[in-house]
Structures are given as structure tokens and as C-alpha cells.
file input_26.cif (mmCIF, C-alpha atoms)
data_my_file
#
loop_
_atom_site.label_atom_id
_atom_site.label_comp_id
_atom_site.auth_asym_id
_atom_site.auth_seq_id
_atom_site.Cartn_x
_atom_site.Cartn_y
_atom_site.Cartn_z
CA MET S 131 -98.61 66.02 -51.42
CA GLU S 132 -100.50 66.52 -48.16
CA GLY S 133 -103.60 64.61 -47.14
CA TYR S 134 -105.72 63.25 -44.33
CA VAL S 135 -106.07 59.55 -43.52
CA LEU S 136 -109.00 57.96 -41.70
CA HIS S 137 -109.89 54.37 -41.00
CA THR S 138 -113.12 52.69 -39.96
CA TYR S 139 -114.63 49.23 -39.73
CA GLY S 140 -117.60 47.45 -38.23
CA SER S 141 -120.93 49.18 -37.65
CA GLU S 142 -122.40 51.66 -40.12
CA ARG S 143 -122.40 54.34 -37.42
CA TYR S 144 -118.58 54.47 -37.52
CA LEU S 145 -118.73 55.13 -41.24
CA ARG S 146 -121.22 57.92 -40.55
CA HIS S 147 -118.73 59.42 -38.12
CA ALA S 148 -115.98 59.44 -40.75
CA VAL S 149 -118.26 61.05 -43.33
CA ALA S 150 -119.38 63.69 -40.82
CA SER S 151 -115.78 64.50 -39.88
CA VAL S 152 -114.83 64.96 -43.54
CA GLN S 153 -117.84 67.21 -44.10
CA THR S 154 -116.71 69.50 -41.26
CA LEU S 155 -113.18 69.44 -42.71
CA ARG S 156 -114.48 70.64 -46.08
CA ARG S 157 -115.82 73.79 -44.44
CA HIS S 158 -112.19 74.85 -43.99
CA ASP S 159 -110.03 72.79 -46.37
CA SER S 160 -111.26 71.96 -49.85
CA LYS S 161 -107.90 71.24 -51.48
CA ARG S 162 -106.19 68.41 -49.56
CA GLY S 163 -107.24 64.87 -50.33
CA VAL S 164 -108.76 62.47 -47.83
CA ALA S 165 -108.05 58.74 -47.76
CA LEU S 166 -110.33 56.23 -46.09
CA TYR S 167 -109.42 52.64 -45.25
CA ALA S 168 -112.58 50.71 -44.42
CA ASP S 169 -114.00 47.21 -44.52
CA GLU S 170 -115.72 45.84 -47.61
CA SER S 171 -119.28 46.40 -46.41
CA GLN S 172 -118.64 50.04 -45.56
CA ILE S 173 -117.04 50.74 -48.93
CA ALA S 174 -119.99 49.06 -50.64
CA LEU S 175 -122.38 51.23 -48.61
CA LEU S 176 -120.50 54.39 -49.55
CA ARG S 177 -120.78 53.53 -53.24
CA GLU S 178 -124.42 52.51 -52.91
CA ARG S 179 -125.25 55.83 -51.23
CA GLY S 180 -123.20 57.81 -53.74
CA LEU S 181 -120.74 59.11 -51.16
CA ASP S 182 -117.52 57.51 -52.41
CA HIS S 183 -116.64 60.81 -54.15
CA LEU S 184 -115.86 62.27 -50.71
CA PHE S 185 -112.57 60.35 -50.64
CA ALA S 186 -109.61 60.71 -52.99
CA VAL S 187 -108.38 57.29 -51.84
CA LEU S 188 -110.82 54.55 -50.85
CA GLU S 189 -109.27 51.19 -50.06
CA VAL S 190 -110.12 48.05 -48.14
CA LEU S 191 -108.61 47.84 -44.68
CA PRO S 192 -107.24 44.29 -44.33
CA GLU S 193 -108.90 42.29 -41.58
CA ALA S 194 -105.61 41.92 -39.70
CA HIS S 195 -105.50 45.70 -39.26
CA ARG S 196 -109.08 46.26 -38.10
CA SER S 197 -108.14 47.32 -34.59
CA ILE S 198 -106.52 50.32 -32.94
CA VAL S 199 -103.05 48.78 -32.74
CA GLY S 200 -103.59 46.91 -35.99
CA PHE S 201 -103.82 50.22 -37.82
CA LYS S 202 -101.81 52.72 -35.77
CA HIS S 203 -98.91 50.34 -35.19
CA HIS S 204 -98.67 49.82 -38.97
CA LEU S 205 -99.05 53.34 -40.34
CA SER S 206 -96.24 52.80 -42.83
CA LEU S 207 -98.55 50.36 -44.67
CA PHE S 208 -101.25 53.02 -45.01
CA LYS S 209 -99.44 56.10 -46.28
CA PRO S 210 -101.11 57.27 -49.51
CA PHE S 211 -99.71 60.83 -49.39
CA GLU S 212 -96.19 62.16 -48.93
CA GLN S 213 -97.31 63.97 -45.77
CA CYS S 214 -100.15 62.23 -43.95
CA LEU S 215 -102.26 63.47 -41.08
CA TYR S 216 -103.87 60.44 -39.45
CA VAL S 217 -106.99 61.56 -37.62
CA ASP S 218 -109.71 59.77 -35.70
CA SER S 219 -113.20 59.84 -37.17
CA ASP S 220 -114.76 61.43 -34.06
CA ILE S 221 -113.23 64.83 -34.83
CA VAL S 222 -114.92 68.08 -35.85
CA TRP S 223 -112.76 70.58 -37.72
CA CYS S 224 -113.20 74.14 -36.47
CA ARG S 225 -110.85 76.35 -38.49
CA ASN S 226 -108.54 76.54 -41.51
CA PRO S 227 -105.73 74.02 -40.84
CA ASP S 228 -103.18 75.65 -43.19
CA PRO S 229 -101.09 77.14 -40.32
CA MET S 230 -101.00 73.76 -38.58
CA TRP S 231 -99.78 72.04 -41.74
CA LYS S 232 -96.97 74.60 -42.05
CA LYS S 233 -95.83 73.84 -38.50
CA LEU S 234 -95.98 70.10 -39.11
CA GLN S 235 -93.57 70.34 -42.05
CA ALA S 236 -90.72 70.62 -39.52
CA TYR S 237 -91.31 67.06 -38.29
CA PRO S 238 -90.55 63.68 -39.87
CA PHE S 239 -93.10 62.12 -37.50
CA THR S 240 -95.05 63.45 -34.55
CA ALA S 241 -98.29 63.21 -32.59
CA THR S 242 -100.21 65.50 -30.31
CA GLY S 243 -99.72 65.08 -26.58
CA LEU S 244 -97.80 66.31 -23.56
CA GLU S 245 -94.09 66.12 -22.79
CA LYS S 246 -94.77 64.32 -19.51
CA ALA S 247 -97.33 61.57 -19.02
CA ASP S 248 -99.28 61.55 -15.78
CA ALA S 249 -99.63 58.51 -13.52
CA TRP S 250 -102.95 57.56 -15.09
CA PHE S 251 -101.46 57.16 -18.58
CA GLY S 252 -101.67 53.47 -19.41
CA GLY S 253 -101.98 52.59 -15.73
CA PRO S 254 -104.81 51.18 -13.61
CA LYS S 255 -107.93 53.32 -13.45
CA GLY S 256 -108.92 52.39 -9.90
CA ALA S 257 -107.22 52.26 -6.53
CA GLY S 258 -104.36 50.30 -8.08
CA ILE S 259 -102.88 53.62 -9.17
CA ILE S 260 -101.85 54.24 -5.54
CA ILE S 261 -99.74 51.08 -5.46
CA ASP S 262 -98.16 52.04 -8.78
CA ARG S 263 -97.19 55.42 -7.34
CA LEU S 264 -95.86 54.03 -4.07
CA LEU S 265 -93.73 51.44 -5.87
CA ASP S 266 -92.71 53.99 -8.52
CA ARG S 267 -93.40 51.49 -11.29
CA ARG S 268 -93.33 54.20 -13.95
CA ARG S 269 -89.66 54.94 -13.20
CA ARG S 270 -88.83 51.24 -13.19
CA THR S 271 -90.33 50.83 -16.65
CA MET S 272 -88.35 53.77 -18.00
CA LYS S 273 -85.11 52.51 -16.47
CA ARG S 274 -85.63 48.98 -17.80
CA PHE S 275 -86.02 50.27 -21.36
CA GLY S 276 -83.41 53.02 -21.16
CA LEU S 277 -85.86 55.93 -21.37
CA THR S 278 -85.21 59.28 -19.72
CA TYR S 279 -88.72 60.64 -20.23
CA LEU S 280 -92.20 59.37 -21.01
CA PRO S 281 -94.52 61.65 -23.00
CA ARG S 282 -98.30 61.52 -23.07
CA ILE S 283 -99.41 60.67 -26.59
CA GLN S 284 -102.91 61.43 -27.81
CA ALA S 285 -103.10 59.30 -30.93
CA GLY S 286 -106.19 60.98 -32.36
CA VAL S 287 -103.87 63.16 -34.45
CA ILE S 288 -100.63 61.70 -35.84
CA TYR S 289 -98.44 63.25 -38.55
CA ALA S 290 -96.09 61.20 -40.72
CA ALA S 291 -93.87 62.50 -43.50
CA ASP S 292 -90.64 60.48 -43.56
CA ASP S 293 -91.28 56.86 -44.56
CA GLN S 294 -88.28 55.42 -42.73
CA THR S 295 -89.02 57.24 -39.48
CA THR S 296 -92.66 56.17 -39.64
CA ALA S 297 -91.61 52.54 -40.09
CA HIS S 298 -89.14 52.79 -37.18
CA VAL S 299 -91.68 54.32 -34.80
CA THR S 300 -94.38 51.77 -35.51
CA ALA S 301 -91.93 48.84 -35.34
CA LYS S 302 -90.73 50.08 -31.95
CA ALA S 303 -94.33 50.48 -30.76
CA ARG S 304 -95.10 46.88 -31.76
CA GLU S 305 -92.01 45.69 -29.89
CA PHE S 306 -92.95 47.56 -26.72
CA LEU S 307 -96.52 46.26 -26.87
CA SER S 308 -95.24 42.69 -27.18
CA ARG S 309 -93.20 43.26 -24.00
CA ARG S 310 -96.04 44.79 -21.98
CA SER S 311 -95.50 42.28 -19.15
CA GLU S 312 -92.13 43.94 -18.51
CA THR S 313 -93.77 47.35 -18.03
CA HIS S 314 -96.20 48.87 -15.53
CA PHE S 315 -98.79 49.45 -18.26
CA ARG S 316 -102.13 47.66 -18.10
CA SER S 317 -103.92 45.94 -20.94
CA ARG S 318 -107.19 47.68 -21.73
CA LEU S 319 -108.60 44.26 -22.60
CA ASP S 320 -108.41 43.39 -18.90
CA GLU S 321 -110.67 46.37 -18.16
CA GLY S 322 -113.45 45.00 -20.31
CA ARG S 323 -112.65 47.10 -23.39
CA SER S 324 -112.87 45.55 -26.83
CA GLU S 325 -109.54 46.91 -28.11
CA GLU S 326 -106.01 47.44 -26.86
CA SER S 327 -104.61 50.96 -26.54
CA CYS S 328 -101.83 52.09 -28.86
CA GLU S 329 -100.87 55.25 -26.99
CA TRP S 330 -98.41 54.17 -24.31
CA SER S 331 -96.44 51.98 -26.75
CA LEU S 332 -96.27 54.86 -29.25
CA ALA S 333 -95.14 57.14 -26.43
CA MET S 334 -92.32 54.77 -25.51
CA ALA S 335 -91.36 54.45 -29.18
CA MET S 336 -91.19 58.22 -29.68
CA SER S 337 -89.18 58.62 -26.48
CA SER S 338 -86.71 55.88 -27.48
CA LEU S 339 -86.21 57.56 -30.87
CA ASP S 340 -86.11 61.04 -29.30
CA LEU S 341 -88.92 62.39 -31.45
CA PRO S 342 -90.73 65.53 -30.26
CA ILE S 343 -94.48 65.70 -29.77
CA ILE S 344 -96.80 68.53 -30.78
CA HIS S 345 -97.99 70.02 -27.52
CA TRP S 346 -101.70 69.53 -27.00
CA PHE S 347 -102.28 72.93 -25.43
CA GLN S 348 -100.96 76.01 -27.23
CA GLY S 349 -103.52 78.63 -26.30
CA GLN S 350 -105.08 80.22 -29.37
CA ASP S 351 -103.04 77.91 -31.62
CA SER S 352 -103.96 74.59 -29.98
CA PRO S 353 -104.02 71.78 -32.57
CA GLN S 354 -106.85 69.94 -30.86
CA MET S 355 -108.96 70.09 -27.71
CA ASP S 356 -111.43 67.69 -26.15
CA TYR S 357 -115.15 68.23 -26.20
CA ILE S 358 -116.31 68.41 -22.59
CA GLU S 359 -119.78 69.61 -21.76
CA GLY S 360 -119.62 73.03 -20.13
CA TYR S 361 -116.21 73.81 -21.64
CA VAL S 362 -117.28 74.28 -25.25
CA ASP S 363 -119.50 77.03 -26.69
CA HIS S 364 -120.92 76.04 -30.10
CA ASP S 365 -123.88 76.28 -32.43
CA LEU S 366 -126.03 73.30 -33.45
CA ASN S 367 -123.76 72.12 -36.30
CA PHE S 368 -120.43 73.09 -34.72
CA SER S 369 -119.74 75.72 -37.38
CA ASP S 370 -118.74 78.23 -34.69
CA VAL S 371 -116.75 76.70 -31.82
CA ARG S 372 -115.02 78.19 -28.79
CA CYS S 373 -113.35 76.23 -25.99
CA LEU S 374 -112.74 77.41 -22.44
CA TYR S 375 -108.98 77.26 -21.85
CA TYR S 376 -107.40 77.85 -18.43
CA THR S 377 -103.78 78.93 -18.73
CA ASP S 378 -102.91 77.16 -15.48
CA THR S 379 -102.20 73.51 -16.32
CA PHE S 380 -103.58 72.16 -13.05
CA ILE S 381 -106.82 74.13 -13.27
CA HIS S 382 -107.27 73.13 -16.90
CA GLY S 383 -106.67 69.49 -15.95
CA LEU S 384 -109.69 69.53 -13.65
CA ARG S 385 -111.94 69.47 -16.74
CA GLY S 386 -111.62 65.69 -16.72
CA LEU S 387 -113.42 65.21 -13.41
CA PRO S 388 -116.64 63.28 -14.10
CA ASN S 389 -118.79 65.11 -11.55
CA ALA S 390 -119.63 68.53 -13.02
CA ARG S 391 -120.67 70.00 -9.67
CA VAL S 392 -117.43 68.96 -7.95
CA ARG S 393 -115.43 70.19 -10.94
CA ARG S 394 -117.05 73.63 -10.90
CA ALA S 395 -116.55 73.94 -7.15
CA LEU S 396 -112.85 73.07 -7.32
CA VAL S 397 -112.23 75.37 -10.27
CA ASP S 398 -114.06 78.20 -8.52
CA ILE S 399 -112.04 77.78 -5.31
CA LEU S 400 -108.60 77.16 -6.81
CA SER S 401 -108.91 79.83 -9.51
CA ARG S 402 -109.12 82.45 -6.77
CA LEU S 403 -105.46 81.89 -6.00
CA PRO S 404 -103.17 84.54 -7.57
CA GLY S 405 -102.47 83.77 -11.23
CA ARG S 406 -104.55 80.59 -11.21
CA GLY S 407 -107.80 81.95 -12.63
CA ASP S 408 -106.60 83.25 -16.01
CA TYR S 409 -108.53 81.83 -18.93
CA MET S 410 -109.30 82.45 -22.59
CA TRP S 411 -111.77 81.28 -25.20
CA VAL S 412 -109.98 79.60 -28.09
CA THR S 413 -110.92 77.89 -31.34
CA PRO S 414 -108.71 74.84 -31.87
CA TYR S 415 -108.10 73.39 -35.30
CA ALA S 416 -109.86 70.20 -34.27
CA LEU S 417 -112.38 69.33 -31.59
CA HIS S 418 -111.98 65.72 -30.47
CA PHE S 419 -114.87 63.76 -28.97
CA GLY S 420 -112.66 61.27 -27.19
CA TRP S 421 -114.46 61.10 -23.84
CA ILE S 422 -117.18 58.41 -23.87
CA ARG S 423 -119.53 60.38 -21.62
CA HIS S 424 -119.29 63.45 -23.87
CA LYS S 425 -119.77 61.80 -27.29
CA GLN S 426 -123.53 62.22 -27.76
CA PRO S 427 -123.36 65.68 -29.42
CA PHE S 428 -121.06 64.22 -32.08
CA PHE S 429 -123.34 61.22 -32.59
CA ASP S 430 -126.24 63.63 -33.15
CA LEU S 431 -124.18 65.77 -35.54
CA SER S 432 -123.05 62.77 -37.60
CA ASP S 433 -126.66 61.56 -37.94
CA ARG S 434 -127.81 65.02 -39.08
CA ILE S 435 -125.03 65.27 -41.66
CA TRP S 436 -125.71 61.75 -42.97
CA GLU S 437 -129.43 62.43 -43.31
CA ALA S 438 -128.73 65.76 -45.05
CA LEU S 439 -126.44 64.01 -47.54
CA MET S 440 -129.05 61.34 -48.20
CA LEU S 441 -131.69 64.01 -48.80
CA GLU S 442 -129.34 65.85 -51.16
CA ARG S 443 -128.69 62.60 -53.03
CA ASP S 444 -132.42 61.88 -53.36
CA VAL S 445 -133.08 65.38 -54.67
CA GLU S 446 -130.31 65.03 -57.27
CA ARG S 447 -131.62 61.64 -58.38
CA SER S 448 -135.13 63.07 -58.66
CA LYS S 449 -133.81 65.87 -60.87
CA GLU S 450 -131.95 63.39 -63.07
CA SER S 451 -135.06 61.20 -63.33
CA PHE S 452 -137.16 64.22 -64.25
CA VAL S 453 -134.70 65.26 -66.97
CA GLU S 454 -134.58 61.71 -68.37
CA ASN S 455 -138.36 61.44 -68.38
CA SER S 456 -138.70 64.83 -70.04
CA TYR S 457 -136.18 63.83 -72.70
CA SER S 458 -137.95 60.51 -73.30
CA THR S 459 -141.28 62.31 -73.64
CA LYS S 460 -139.86 64.74 -76.18
CA VAL S 461 -138.32 61.89 -78.20
CA LEU S 462 -141.62 60.00 -78.17
CA GLU S 463 -143.52 63.11 -79.26
CA SER S 464 -141.02 63.67 -82.06
CA ILE S 465 -141.46 60.10 -83.31
CA GLN S 466 -145.23 60.41 -83.19
CA ASP S 467 -145.05 63.66 -85.16
CA ASP S 468 -142.96 61.95 -87.82
CA ILE S 469 -145.47 59.16 -88.07
#
call {"tool": "encode", "arguments": {"input": "input_26.cif", "output": "C-alpha cells"}}
result
Amino acid sequence: MEGYVLHTYGSERYLRHAVASVQTLRRHDSKRGVALYADESQIALLRERGLDHLFAVLEVLPEAHRSIVGFKHHLSLFKPFEQCLYVDSDIVWCRNPDPMWKKLQAYPFTATGLEKADAWFGGPKGAGIIIDRLLDRRRRTMKRFGLTYLPRIQAGVIYAADDQTTAHVTAKAREFLSRRSETHFRSRLDEGRSEESCEWSLAMAMSSLDLPIIHWFQGQDSPQMDYIEGYVDHDLNFSDVRCLYYTDTFIHGLRGLPNARVRRALVDILSRLPGRGDYMWVTPYALHFGWIRHKQPFFDLSDRIWEALMLERDVERSKESFVENSYSTKVLESIQDDI
């Protein structure tokens, strides 16, 4: 049995995100079940608002696992389907995922990403990256742990089928995280973030177990792409989505530059080089709103979907109330007639 697995905890807005993501999924996949692991207050809210029917599995996420590593480093504890696709809640589904599921069947465990991680992956975000490069700390980490390659894992989409492999990967990831001081990776907690990253430790785990990743970028068949303003053409409710995709890896990588003007200038100049300017418009299976500065369109979408569901619920309850009142009136009239 195949199914999707989401998790959420904390503020109500995160629950809204999960509900919105599932609603976009149902535009394209109405048959596979969805499991949600959430905290007690969110589950109570779902039931109060009459939205618990959206999930085939609805269970409490234990407090010890209410964090990124707490959940994604323990996936074997949250595996309600034989084949699970663990997805972040800030994802909009853009097309029928059946072909992607068929491809995933070849893997016991995998995640989307790149075969080679760049210097920024898990490293310092400021000038410290220069020192890391000069001292070649990435290579030292790999050598210390016996790795011959380090992939870039994007943990927003993870697939798990084989129970034993899933347990091995997550156990390895926990081990590597506990030995972070022996690596060149930085703790995201030291950068002022509220949660630790799970990606570099999962990348090391998959490398140590020689497990292949699903390449992020596959042209027209890309499993997921990031939402970046100016690179995505879409309607108001993201029912029709197209992403700008440069076939040159370096040119496509420039999309991450924060300054839109600088980014456009560099792309315009470099794409004039022979073979560098080729591009296509593609519809990925999933559109991921992973960049903090590009999340607002998803926030707006999730609020619209939530409000629409609440309005639909109110209309249904009004209809039920009207039917009950009509029935009561008829019964009362019948009794009065008998009298």
C-alpha cells in the first residue's frame, strides 16, 4: 500500500499548511491515503473543524519527535504504509504523481537531491565558507568517516519502502549527528534557528550505505522544484504551474541569488555563451516553498484553502440544521393533527 506521510506541530498555521498541501494533492491523486502525525491540540482542532476526514491515519506525534531531526531521524517509527512518501507540508502538488510512484518502486529508500553537495551544504553561511574551502574541511570529513562522495539531500521529499533499510539509514543519521564535532558541518542552532537540520546527516548516512538519491532536476520529469519569484508561472490557486528550468546547471543555480536584479543581469550575460542559454518551462510533480523569502504565496494559498473549507463546512451544517428543523416541524404538525 502506498501513501503520503506529513507531520506538524505547534502553531495552527502549520496545520493549515498541511491541510492546504493535501487539498492540492487531491486535485491529482484521490486514491492514496495520507497520514498526519500532529500534536494533541492540532488533532483536536481538526476534529472540531470537521477536517479529520482528510487523513486516513491521524495520530499524535510524541513530544520527543516534535522537531526536524526528531521526526526525520526516526522515520521507521512513523511508517503507516508499506511504501511511504514523506513530504513537507509547504508543498503544492502540480500534476498526477503516478509516474513518480512507479519510478520510486525501484528503491528501498531514497530522497531527492543532487549527487554532489556544494560547499554551502551544512557549512557556514557567511565568510567562514572561504576558510572551509581553503582548509578543504569537506574532504577531511569524508576521509574521517570513510566516505567517497557526499550527496546533497533535500529532505522535503523522502521515500521509504524497506523497513530494515529505513531503520539503518535513520540510525546512521542519528550517529553522524551525535558526532557533528568531528565534521565540518555547522549546527543551525548556532545561527539563531530554532531547529537543527537533518539533511547533512541523512546525506552522510545514504553515502555510507551507498544508497542512490533521486535527482532533483530531471527536466520535464523533475520530482520537485523550488518556488522562486520570477521563476514560476502560476494562477492564483496554483492549479496551473510552470517553472523556468535552465538546462545548464550553473545558470540554473543562479536562481538562489537573493538580489533579483543581480540575478537577472548574471543570467542574461552568462546565458549568451554558446549552449548556456537553453531553457524550458516544466511542471514538476511538487512545488516546494522551502526558501523563507519566497514563502508568502504559499501562506496566502493555505489561508484561502482553509477559509474555503470552513465556509463549506458552515454551509453543510446549515443544510443539516435546515433539514432537522424541517423534519421537527413536520413531526410537530403531525402530532397536532392527531390531537
call {"tool": "atom_distance", "arguments": {"input": "input_26.cif", "atom1": "atom CA of Ile221 of chain S", "atom2": "atom CA of Thr377 of chain S"}}
result
23.4 Å
call {"tool": "residues_around", "arguments": {"input": "input_26.cif", "residues": "Ala247 of chain S", "least_positions_apart": "2", "cutoff": "9 Å", "atoms": "only C-alpha atoms", "output": "PyMOL selection string"}}
result
chain S and resi 243-245+249-251+279-283+333
call {"tool": "closest_residue", "arguments": {"input": "input_26.cif", "among": "S:Ala390, S:Ala174, S:Val199, S:Leu400", "to": "Trp330 of chain S", "atoms": "only C-alpha atoms"}}
result
S:Val199
call {"tool": "residues_near_point", "arguments": {"input": "input_26.cif", "point": "(-107.6, 56.4, -50.7)", "cutoff": "12 Å", "atoms": "only C-alpha atoms", "output": "short mmCIF file (atom, residue, chain, number, x, y, z; two decimals) with C-alpha atoms, keeping the file's coordinate frame"}}
result
data_model
loop_
_atom_site.label_atom_id
_atom_site.label_comp_id
_atom_site.auth_asym_id
_atom_site.auth_seq_id
_atom_site.Cartn_x
_atom_site.Cartn_y
_atom_site.Cartn_z
CA GLY S 133 -103.60 64.61 -47.14
CA TYR S 134 -105.72 63.25 -44.33
CA VAL S 135 -106.07 59.55 -43.52
CA LEU S 136 -109.00 57.96 -41.70
CA HIS S 137 -109.89 54.37 -41.00
CA GLY S 163 -107.24 64.87 -50.33
CA VAL S 164 -108.76 62.47 -47.83
CA ALA S 165 -108.05 58.74 -47.76
CA LEU S 166 -110.33 56.23 -46.09
CA TYR S 167 -109.42 52.64 -45.25
CA ALA S 168 -112.58 50.71 -44.42
CA ILE S 173 -117.04 50.74 -48.93
CA ASP S 182 -117.52 57.51 -52.41
CA HIS S 183 -116.64 60.81 -54.15
CA LEU S 184 -115.86 62.27 -50.71
CA PHE S 185 -112.57 60.35 -50.64
CA ALA S 186 -109.61 60.71 -52.99
CA VAL S 187 -108.38 57.29 -51.84
CA LEU S 188 -110.82 54.55 -50.85
CA GLU S 189 -109.27 51.19 -50.06
CA VAL S 190 -110.12 48.05 -48.14
CA LEU S 191 -108.61 47.84 -44.68
CA PHE S 208 -101.25 53.02 -45.01
CA LYS S 209 -99.44 56.10 -46.28
CA PRO S 210 -101.11 57.27 -49.51
CA PHE S 211 -99.71 60.83 -49.39
CA CYS S 214 -100.15 62.23 -43.95
#
call {"tool": "resolve_selection", "arguments": {"input": "input_26.cif", "expression": "the PyMOL selection byres ((chain S and resi 429-444) around 6)", "output": "PDB file with C-alpha atoms, in the coordinates of the input"}}
result
ATOM      1  CA  ARG S 146    -121.220  57.920 -40.550  1.00  0.00           C
ATOM      2  CA  HIS S 147    -118.730  59.420 -38.120  1.00  0.00           C
ATOM      3  CA  ALA S 150    -119.380  63.690 -40.820  1.00  0.00           C
ATOM      4  CA  GLN S 426    -123.530  62.220 -27.760  1.00  0.00           C
ATOM      5  CA  PRO S 427    -123.360  65.680 -29.420  1.00  0.00           C
ATOM      6  CA  PHE S 428    -121.060  64.220 -32.080  1.00  0.00           C
ATOM      7  CA  VAL S 445    -133.080  65.380 -54.670  1.00  0.00           C
ATOM      8  CA  GLU S 446    -130.310  65.030 -57.270  1.00  0.00           C
ATOM      9  CA  ARG S 447    -131.620  61.640 -58.380  1.00  0.00           C
TER      10      ARG S 447
END
call {"tool": "resolve_selection", "arguments": {"input": "input_26.cif", "expression": "the PyMOL selection byres ((chain S and resi 236) around 12)", "output": "list of chain:residue names"}}
result
S:Gln213, S:Met230, S:Trp231, S:Lys232, S:Lys233, S:Leu234, S:Gln235, S:Tyr237, S:Pro238, S:Phe239, S:Thr240, S:Tyr289, S:Ala290, S:Ala291, S:Asp292, S:Leu341, S:Pro342, S:Ile343, S:Ile344
call {"tool": "residues_around", "arguments": {"input": "input_26.cif", "residues": "Gly140 of chain S", "least_positions_apart": "5", "cutoff": "9 Å", "atoms": "all atoms listed in the file", "output": "list of chain:residue names"}}
result
S:Leu145, S:Ala168, S:Asp169, S:Ser171, S:Gln172, S:Arg196
call {"tool": "closest_residue", "arguments": {"input": "input_26.cif", "among": "S:Asn389, S:Thr295, S:Thr154, S:Ser206", "to": "Leu417 of chain S", "atoms": "all atoms listed in the file"}}
result
S:Thr154
call {"tool": "atom_distance", "arguments": {"input": "input_26.cif", "atom1": "atom CA of Asp340 of chain S", "atom2": "atom CA of Thr278 of chain S"}}
result
9.8 Å
call {"tool": "atom_distance", "arguments": {"input": "input_26.cif", "atom1": "atom CA of Ser338 of chain S", "atom2": "atom CA of Lys246 of chain S"}}
result
14.1 Å
call {"tool": "decode", "arguments": {"input": "input_26.cif", "residues": "segment 139-156 of chain S", "atoms": "N, CA, C and O atoms", "output": "PDB file, in the first residue's frame"}}
result
ATOM      1  N   TYR S 139       3.341  20.361  14.067  1.00  0.00           N
ATOM      2  CA  TYR S 139       3.202  20.602  15.499  1.00  0.00           C
ATOM      3  C   TYR S 139       3.345  22.104  15.738  1.00  0.00           C
ATOM      4  O   TYR S 139       3.857  22.848  14.895  1.00  0.00           O
ATOM      5  N   GLY S 140       2.839  22.554  16.873  1.00  0.00           N
ATOM      6  CA  GLY S 140       2.981  23.960  17.214  1.00  0.00           C
ATOM      7  C   GLY S 140       1.801  24.804  16.767  1.00  0.00           C
ATOM      8  O   GLY S 140       0.645  24.457  16.998  1.00  0.00           O
ATOM      9  N   SER S 141       2.092  25.901  16.096  1.00  0.00           N
ATOM     10  CA  SER S 141       1.080  26.884  15.720  1.00  0.00           C
ATOM     11  C   SER S 141       0.026  26.308  14.776  1.00  0.00           C
ATOM     12  O   SER S 141       0.309  25.399  13.982  1.00  0.00           O
ATOM     13  N   GLU S 142      -1.168  26.867  14.832  1.00  0.00           N
ATOM     14  CA  GLU S 142      -2.253  26.455  13.938  1.00  0.00           C
ATOM     15  C   GLU S 142      -1.886  26.657  12.480  1.00  0.00           C
ATOM     16  O   GLU S 142      -2.333  25.916  11.611  1.00  0.00           O
ATOM     17  N   ARG S 143      -1.059  27.668  12.183  1.00  0.00           N
ATOM     18  CA  ARG S 143      -0.744  27.955  10.783  1.00  0.00           C
ATOM     19  C   ARG S 143      -0.023  26.780  10.110  1.00  0.00           C
ATOM     20  O   ARG S 143      -0.175  26.560   8.916  1.00  0.00           O
ATOM     21  N   TYR S 144       0.740  25.998  10.897  1.00  0.00           N
ATOM     22  CA  TYR S 144       1.415  24.836  10.317  1.00  0.00           C
ATOM     23  C   TYR S 144       0.402  23.753   9.956  1.00  0.00           C
ATOM     24  O   TYR S 144       0.573  23.035   8.967  1.00  0.00           O
ATOM     25  N   LEU S 145      -0.627  23.640  10.764  1.00  0.00           N
ATOM     26  CA  LEU S 145      -1.694  22.696  10.443  1.00  0.00           C
ATOM     27  C   LEU S 145      -2.406  23.143   9.173  1.00  0.00           C
ATOM     28  O   LEU S 145      -2.747  22.323   8.321  1.00  0.00           O
ATOM     29  N   ARG S 146      -2.633  24.433   9.029  1.00  0.00           N
ATOM     30  CA  ARG S 146      -3.254  24.960   7.816  1.00  0.00           C
ATOM     31  C   ARG S 146      -2.416  24.619   6.583  1.00  0.00           C
ATOM     32  O   ARG S 146      -2.957  24.301   5.528  1.00  0.00           O
ATOM     33  N   HIS S 147      -1.100  24.683   6.741  1.00  0.00           N
ATOM     34  CA  HIS S 147      -0.218  24.355   5.624  1.00  0.00           C
ATOM     35  C   HIS S 147      -0.396  22.894   5.202  1.00  0.00           C
ATOM     36  O   HIS S 147      -0.470  22.586   4.009  1.00  0.00           O
ATOM     37  N   ALA S 148      -0.455  21.999   6.189  1.00  0.00           N
ATOM     38  CA  ALA S 148      -0.622  20.580   5.883  1.00  0.00           C
ATOM     39  C   ALA S 148      -1.950  20.317   5.186  1.00  0.00           C
ATOM     40  O   ALA S 148      -2.018  19.559   4.206  1.00  0.00           O
ATOM     41  N   VAL S 149      -3.007  20.940   5.666  1.00  0.00           N
ATOM     42  CA  VAL S 149      -4.325  20.781   5.054  1.00  0.00           C
ATOM     43  C   VAL S 149      -4.313  21.310   3.622  1.00  0.00           C
ATOM     44  O   VAL S 149      -4.843  20.674   2.703  1.00  0.00           O
ATOM     45  N   ALA S 150      -3.693  22.473   3.420  1.00  0.00           N
ATOM     46  CA  ALA S 150      -3.623  23.054   2.075  1.00  0.00           C
ATOM     47  C   ALA S 150      -2.849  22.142   1.130  1.00  0.00           C
ATOM     48  O   ALA S 150      -3.256  21.934  -0.030  1.00  0.00           O
ATOM     49  N   SER S 151      -1.742  21.592   1.600  1.00  0.00           N
ATOM     50  CA  SER S 151      -0.942  20.705   0.754  1.00  0.00           C
ATOM     51  C   SER S 151      -1.743  19.477   0.333  1.00  0.00           C
ATOM     52  O   SER S 151      -1.701  19.057  -0.825  1.00  0.00           O
ATOM     53  N   VAL S 152      -2.492  18.909   1.277  1.00  0.00           N
ATOM     54  CA  VAL S 152      -3.308  17.728   0.964  1.00  0.00           C
ATOM     55  C   VAL S 152      -4.411  18.085  -0.031  1.00  0.00           C
ATOM     56  O   VAL S 152      -4.723  17.302  -0.939  1.00  0.00           O
ATOM     57  N   GLN S 153      -4.982  19.267   0.100  1.00  0.00           N
ATOM     58  CA  GLN S 153      -6.027  19.686  -0.840  1.00  0.00           C
ATOM     59  C   GLN S 153      -5.476  19.804  -2.260  1.00  0.00           C
ATOM     60  O   GLN S 153      -6.149  19.442  -3.225  1.00  0.00           O
ATOM     61  N   THR S 154      -4.246  20.312  -2.400  1.00  0.00           N
ATOM     62  CA  THR S 154      -3.653  20.377  -3.746  1.00  0.00           C
ATOM     63  C   THR S 154      -3.309  18.985  -4.256  1.00  0.00           C
ATOM     64  O   THR S 154      -3.403  18.711  -5.452  1.00  0.00           O
ATOM     65  N   LEU S 155      -2.946  18.075  -3.345  1.00  0.00           N
ATOM     66  CA  LEU S 155      -2.665  16.697  -3.734  1.00  0.00           C
ATOM     67  C   LEU S 155      -3.914  16.041  -4.298  1.00  0.00           C
ATOM     68  O   LEU S 155      -3.854  15.309  -5.303  1.00  0.00           O
ATOM     69  N   ARG S 156      -5.057  16.300  -3.679  1.00  0.00           N
ATOM     70  CA  ARG S 156      -6.307  15.653  -4.093  1.00  0.00           C
ATOM     71  C   ARG S 156      -6.784  16.118  -5.462  1.00  0.00           C
ATOM     72  O   ARG S 156      -7.672  15.500  -6.048  1.00  0.00           O
TER      73      ARG S 156
END
